[in-house]
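Scroll down for the structure; my scribbles are underneath it.
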Amino acid sequence: MSYGAAKAAQENYTMSASVELAPHGVTANIVHPPVTDTGWVNDEVRAAVAAGTEHTHVAAPDEVAQVMAWLVSEEARLVNGSVVRLR
């Protein structure tokens, strides 16, 4: 329950920040990454992800980084107050 509450608080804070910072040309978005293999993922975790419906695969760190790099790029300047859920 604490994990869900923390995510909800993070989303609400980001939404507020996106409104307050927009006049200054600053965007605020949030990225919820999927299960990401940072060295802890084993075959059991991979099987659970494959059998589930929320995520489609175990992501590599660079896949998540690519999305975040795009969000801070000039190309994404119009994206503000968004929650990006990676699967």
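So you can find residues: chains in the structure tokens are A, B, ... in the order shown, residues in each start at 1, and ligands are numbered from 1 in order.
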Just list the residues in chain A DSSP gives alpha helix (DSSP H) on the backbone, as a CSV table (one decimal) with C-alpha atoms, in the first residue's frame.
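This is the output file part_37.csv:
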```
chain,number,residue,atom,x,y,z
A,2,SER,CA,2.8,2.4,0.7
A,3,TYR,CA,4.3,1.9,-2.8
A,4,GLY,CA,0.9,2.8,-4.4
A,5,ALA,CA,0.5,5.9,-2.1
A,6,ALA,CA,4.0,7.0,-3.0
A,7,LYS,CA,3.3,6.8,-6.7
A,8,ALA,CA,0.1,8.7,-6.3
A,9,ALA,CA,1.8,11.4,-4.4
A,10,GLN,CA,4.6,11.6,-7.0
A,11,GLU,CA,2.0,11.9,-9.8
A,12,ASN,CA,0.1,14.7,-7.9
A,13,TYR,CA,3.3,16.6,-7.2
A,14,THR,CA,4.3,16.4,-10.8
A,15,MET,CA,0.9,17.6,-12.0
A,16,SER,CA,1.2,20.7,-9.7
A,17,ALA,CA,4.8,21.3,-10.7
A,18,SER,CA,3.9,21.2,-14.4
A,19,VAL,CA,1.4,24.0,-14.0
A,20,GLU,CA,3.6,26.1,-11.7
A,21,LEU,CA,6.7,25.8,-13.9
A,43,ASP,CA,14.5,-16.3,-15.0
A,44,GLU,CA,11.7,-16.4,-12.4
A,45,VAL,CA,11.1,-12.7,-12.8
A,46,ARG,CA,11.3,-12.9,-16.6
A,47,ALA,CA,8.7,-15.7,-16.5
A,48,ALA,CA,6.4,-13.7,-14.2
A,49,VAL,CA,6.6,-10.7,-16.6
A,50,ALA,CA,6.0,-12.8,-19.6
A,51,ALA,CA,2.9,-14.4,-17.9
A,61,PRO,CA,18.2,0.4,-18.7
A,62,ASP,CA,19.0,2.1,-22.1
A,63,GLU,CA,15.4,1.6,-23.2
A,64,VAL,CA,14.1,3.6,-20.3
A,65,ALA,CA,16.9,6.1,-20.7
A,66,GLN,CA,15.9,6.7,-24.3
A,67,VAL,CA,12.4,7.7,-23.3
A,68,MET,CA,13.7,10.0,-20.6
A,69,ALA,CA,16.2,11.6,-22.9
A,70,TRP,CA,13.5,12.3,-25.4
A,71,LEU,CA,11.3,13.9,-22.6
```
Q | Test item: residues at most 8 Å from Leu86 of chain A, only C-alpha atoms, excluding those fewer than 4 positions along its chain, as an MDAnalysis selection string | A | chainID A and resid 31:34 55 64
For the selection you just gave me, I'd like the residues written to a file as an mmCIF file, in the first residue's frame, keeping C-alpha atoms.
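Writing done, so here's out_23.cif:
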```cif
data_model
loop_
_atom_site.group_PDB
_atom_site.id
_atom_site.type_symbol
_atom_site.label_atom_id
_atom_site.label_comp_id
_atom_site.auth_asym_id
_atom_site.auth_seq_id
_atom_site.Cartn_x
_atom_site.Cartn_y
_atom_site.Cartn_z
ATOM 1 C CA VAL A 31 7.985 8.094 -16.118
ATOM 2 C CA HIS A 32 6.917 4.796 -14.590
ATOM 3 C CA PRO A 33 9.421 2.293 -15.956
ATOM 4 C CA PRO A 34 8.628 -1.363 -16.428
ATOM 5 C CA HIS A 55 4.300 -5.358 -18.686
ATOM 6 C CA VAL A 64 14.126 3.566 -20.254
#
```
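Distances to Val83 of chain A were evaluated for A:Asn29, A:Trp40, A:Thr53, A:Ala60 using only C-alpha atoms, and the minimum falls at A:Asn29.
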Q. Using only C-alpha atoms, which of the listed residues (A:Ala28, A:Val41, A:Met1, A:Ala22) sits closest to Gly81 of chain A?
A.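 Checking each of A:Ala28, A:Val41, A:Met1, A:Ala22 against Gly81 of chain A, counting only C-alpha atoms, the winner is A:Ala28.
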Q | DSSP strand (DSSP E or B) selection over chain A, as a PyMOL selection string | A | chain A and resi 30-32+36+59+83-85
